[in-house]
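Beneath this line is the structure, given in structure tokens, with notes to follow.
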Amino acid sequence: MCQRSMKLLRMFVFVGLVIVKWVEGFEDANVTDLDMQYVSGRGFYRPLMVGFTLINGAAAKGAVCLDGSLPGYHFHRGYGSGSNSWLIQLEGGGWCGTIKNCLYSKKTRHGSSFFMEKQIPFIGILSNKAEENPDFFNWNRIKIRYCDGASFSGDSQNAGAGLYFRGQRIWQAAMEDLMSKGMRYAKQALLSGCSAGGLATIIHCDEFRELFTRTTRVKCLSDAGLFLDSVDVSGRRSLRNLFGSVVTLQGVQRSLPRSCTSRLNPILCYFPQHLIAGVRTPLFLLNAAYDTWQIQASLAPPSADYHWNWYECRKNYARCSAPQIQYLQGFRNQMLRSTRAFSRSYKNGLFINSCFAHCQSERQDTWFAHDSPRIGNRVRLF
């Protein structure tokens, strides 16, 4: 496995570094699943387990999950030097862009708080152990659960199907609740997220900045959120079709930056490559150049692989043919091109590594392992 907790990245360096069973519309596994697997596989390892808190005032604001249940989060208080520092992590878990898929989702933890775990382990960037997470271990750390199916964006509903598309309201209700619990006094704040949560981080980064006074240091970290508008192996755009259905069904366009929607179709503005250059708040991108979710669900999904030529490659990348590797190399190059202008800004940073991975900051084995690489042995604190 490609280990990369990246001591440089965990210090949140803002320098322009470029080192270089899916269900349609759904991620195969989210990081909460992987966290639980990691913990159970360690045996003696005892991570901090953090309880679930419902946002009780959310219903009055219409801020509800797909099934109408209350949204919520897991919150561990900071202490000492981290008592006035806040780390907010937005959970990922794919998207739903059709009534059928959203009806399926509302019966899972991705669409209903009734199915969410009452406790989850805080590991990786959320760990409370200084030796595992030296920069954020004593911060106020919150994981906001994902139950809207549109990256905490959109504001609509389908009464006939009993579906509530209220991602934007969930975001706002969560922020209001946390501000009332002390976040308004933050001296520094970091908004992070993985996968669909990474996309949400980019969408809401500037909104997050606006919650605080000018004296508060605010930055954003998007992990595996750089979803590209790529052509798949059949010559079509599978991810654009999915994103288009999500934007249309859930009314996402109203949550997207006007700076983008005023010049591009809102569907294109759901792709981070068209958003990142316009984000005013310091933003750090962490992404694998060979993002495994995008390979399996966007570049070579079964729906585009008519003759199953990519079947073995999808299961084991060591079995990819030379032309397939070259195709994946083209995807890597597209990712680098899409971040070129973004990387020129002194306030931004990125780490794009040449690994087959998806989400790296939320797992202990990829966030801060004993063999994690350092870059030039230079670090700078948040």
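In the structure tokens, chains take letters A, B, ... by order of appearance, with residues numbered from 1 within each chain and ligands from 1 in the order shown.
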What are the closest atom pairs, with distances in Å to one decimal, for all residues of region 328-380 of chain A lying within 12 Å of region 77-92 of chain A? Consider only C-alpha atoms, order rows by chain and residue number, and present the result as a tab-separated table.
residue	atom	partner	partner_atom	distance
A:His358	CA	A:Gly92	CA	11.1
A:Cys359	CA	A:Gly92	CA	9.5
A:Ser361	CA	A:Gln89	CA	10.3
A:Glu362	CA	A:Gln89	CA	9.2
Based on the selection just made, write N, CA and C atoms of those residues as a PDB file, in the first residue's frame.
ATOM      1  N   HIS A 358      -7.769   6.649  -2.687  1.00  0.00           N
ATOM      2  CA  HIS A 358      -8.911   7.554  -2.621  1.00  0.00           C
ATOM      3  C   HIS A 358      -9.170   7.859  -1.156  1.00  0.00           C
ATOM      4  N   CYS A 359      -8.924   9.089  -0.757  1.00  0.00           N
ATOM      5  CA  CYS A 359      -9.007   9.562   0.621  1.00  0.00           C
ATOM      6  C   CYS A 359      -7.763   9.121   1.393  1.00  0.00           C
ATOM      7  N   SER A 361      -6.370  11.440   4.209  1.00  0.00           N
ATOM      8  CA  SER A 361      -6.183  12.136   5.492  1.00  0.00           C
ATOM      9  C   SER A 361      -6.984  11.523   6.627  1.00  0.00           C
ATOM     10  N   GLU A 362      -7.967  10.705   6.330  1.00  0.00           N
ATOM     11  CA  GLU A 362      -8.883  10.202   7.351  1.00  0.00           C
ATOM     12  C   GLU A 362      -8.533   8.814   7.858  1.00  0.00           C
TER      13      GLU A 362
END
Could you pull the residues within 12 Å of Cys320 (chain A), counting only C-alpha atoms, minus those fewer than 5 positions along the same chain, as a PDB file with C-alpha atoms, in the first residue's frame?
ATOM      1  CA  ILE A 295     -10.919   5.124 -12.329  1.00  0.00           C
ATOM      2  CA  ALA A 300     -13.770   2.816 -16.765  1.00  0.00           C
ATOM      3  CA  ASN A 309     -11.640  -5.061 -21.343  1.00  0.00           C
ATOM      4  CA  TRP A 310     -11.006  -3.191 -18.098  1.00  0.00           C
ATOM      5  CA  TYR A 311     -12.320  -5.861 -15.746  1.00  0.00           C
ATOM      6  CA  GLU A 312      -8.932  -7.239 -14.667  1.00  0.00           C
ATOM      7  CA  CYS A 313      -7.383  -3.795 -14.539  1.00  0.00           C
ATOM      8  CA  ARG A 314     -10.145  -2.514 -12.262  1.00  0.00           C
ATOM      9  CA  LYS A 315      -9.665  -5.434  -9.856  1.00  0.00           C
ATOM     10  CA  ILE A 325      -1.610   2.474 -18.060  1.00  0.00           C
ATOM     11  CA  GLN A 326      -1.073   5.092 -20.740  1.00  0.00           C
ATOM     12  CA  TYR A 327      -4.767   5.969 -20.563  1.00  0.00           C
ATOM     13  CA  LEU A 328      -4.471   6.406 -16.814  1.00  0.00           C
ATOM     14  CA  GLN A 329      -1.369   8.498 -17.343  1.00  0.00           C
TER      15      GLN A 329
END
Exercise. Among the residues of region 84-213 of chain A, find those DSSP assigns to strand (DSSP E or B) from the backbone and print them as a PyMOL selection string.
Key: chain A and resi 85-90+119-122+140-144+156-158+163-165+188-194
Write the selection just made, keeping C-alpha atoms, as a PDB file, in the first residue's frame?
ATOM      1  CA  SER A  85      -8.771  25.822  17.247  1.00  0.00           C
ATOM      2  CA  TRP A  86     -11.442  24.017  15.238  1.00  0.00           C
ATOM      3  CA  LEU A  87     -11.252  21.281  12.616  1.00  0.00           C
ATOM      4  CA  ILE A  88     -14.463  20.486  10.745  1.00  0.00           C
ATOM      5  CA  GLN A  89     -14.528  17.372   8.590  1.00  0.00           C
ATOM      6  CA  LEU A  90     -17.305  16.784   6.063  1.00  0.00           C
ATOM      7  CA  GLN A 119     -20.055   6.058  17.813  1.00  0.00           C
ATOM      8  CA  ILE A 120     -17.207   6.199  15.306  1.00  0.00           C
ATOM      9  CA  PRO A 121     -13.417   6.064  15.735  1.00  0.00           C
ATOM     10  CA  PHE A 122     -11.495   9.307  15.407  1.00  0.00           C
ATOM     11  CA  ASN A 140     -11.930  20.812  18.639  1.00  0.00           C
ATOM     12  CA  ARG A 141     -12.568  18.099  16.046  1.00  0.00           C
ATOM     13  CA  ILE A 142     -15.931  17.499  14.414  1.00  0.00           C
ATOM     14  CA  LYS A 143     -17.086  15.035  11.777  1.00  0.00           C
ATOM     15  CA  ILE A 144     -20.345  16.126  10.154  1.00  0.00           C
ATOM     16  CA  SER A 156     -35.313  21.039  -3.094  1.00  0.00           C
ATOM     17  CA  GLN A 157     -37.614  18.124  -2.380  1.00  0.00           C
ATOM     18  CA  ASN A 158     -39.815  15.534  -4.041  1.00  0.00           C
ATOM     19  CA  LEU A 163     -37.389  12.832  -0.418  1.00  0.00           C
ATOM     20  CA  TYR A 164     -35.799  15.951   1.029  1.00  0.00           C
ATOM     21  CA  PHE A 165     -32.846  17.451  -0.817  1.00  0.00           C
ATOM     22  CA  GLN A 188      -7.944  29.273  13.728  1.00  0.00           C
ATOM     23  CA  ALA A 189     -10.286  26.978  11.808  1.00  0.00           C
ATOM     24  CA  LEU A 190      -9.800  24.303   9.174  1.00  0.00           C
ATOM     25  CA  LEU A 191     -12.581  22.947   6.964  1.00  0.00           C
ATOM     26  CA  SER A 192     -11.752  19.533   5.528  1.00  0.00           C
ATOM     27  CA  GLY A 193     -13.526  16.686   3.791  1.00  0.00           C
ATOM     28  CA  CYS A 194     -12.936  13.554   1.775  1.00  0.00           C
TER      29      CYS A 194
END
Quiz item: Nearest to Lys129 (chain A) among A:Arg46, A:Leu103, A:Gln334, A:Ala341, with distances taken over only C-alpha atoms: which residue is it?
Solution: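 Closest residue, counting only C-alpha atoms: A:Arg46.
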Quiz item: Any idea what the distance is between CA of His307 (chain A) and CA of Ala322 (chain A)?
Solution: 17.7 Å
Quiz item: Of the residues A:Cys355, A:Ala130, A:Met179, A:Ile170, which is the one nearest to Arg145 (chain A), using only C-alpha atoms?
Solution: A:Ile170
DSSP says alpha helix (DSSP H) for which residues of region 42-140 of chain A? Put them as a PDB file with N, CA and C atoms, in the first residue's frame?
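So states_20.pdb came out as:
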ATOM      1  N   ARG A  42      -6.777  -3.951  13.777  1.00  0.00           N
ATOM      2  CA  ARG A  42      -5.598  -3.695  14.580  1.00  0.00           C
ATOM      3  C   ARG A  42      -5.561  -4.500  15.872  1.00  0.00           C
ATOM      4  N   ILE A  99     -34.411   9.483  -8.542  1.00  0.00           N
ATOM      5  CA  ILE A  99     -35.343   9.137  -7.461  1.00  0.00           C
ATOM      6  C   ILE A  99     -35.052   7.729  -6.962  1.00  0.00           C
ATOM      7  N   LYS A 100     -34.794   6.818  -7.870  1.00  0.00           N
ATOM      8  CA  LYS A 100     -34.526   5.433  -7.491  1.00  0.00           C
ATOM      9  C   LYS A 100     -33.320   5.333  -6.562  1.00  0.00           C
ATOM     10  N   ASN A 101     -32.223   5.980  -6.931  1.00  0.00           N
ATOM     11  CA  ASN A 101     -31.020   5.910  -6.114  1.00  0.00           C
ATOM     12  C   ASN A 101     -31.193   6.629  -4.776  1.00  0.00           C
ATOM     13  N   CYS A 102     -31.922   7.725  -4.798  1.00  0.00           N
ATOM     14  CA  CYS A 102     -32.131   8.457  -3.547  1.00  0.00           C
ATOM     15  C   CYS A 102     -33.057   7.693  -2.600  1.00  0.00           C
ATOM     16  N   LEU A 103     -34.036   6.972  -3.152  1.00  0.00           N
ATOM     17  CA  LEU A 103     -34.894   6.133  -2.317  1.00  0.00           C
ATOM     18  C   LEU A 103     -34.081   5.018  -1.673  1.00  0.00           C
ATOM     19  N   TYR A 104     -33.121   4.504  -2.429  1.00  0.00           N
ATOM     20  CA  TYR A 104     -32.223   3.499  -1.853  1.00  0.00           C
ATOM     21  C   TYR A 104     -31.371   4.130  -0.747  1.00  0.00           C
ATOM     22  N   SER A 105     -30.849   5.306  -1.022  1.00  0.00           N
ATOM     23  CA  SER A 105     -29.959   5.970  -0.081  1.00  0.00           C
ATOM     24  C   SER A 105     -30.652   6.334   1.230  1.00  0.00           C
TER      25      SER A 105
END
Quiz prompt | Who sits within 10 Å of region 57-60 of chain A, only C-alpha atoms, same chain under 5 positions skipped, as a ChimeraX atom specification | solution = /A:65,68-72,169-170,172-174,176-177
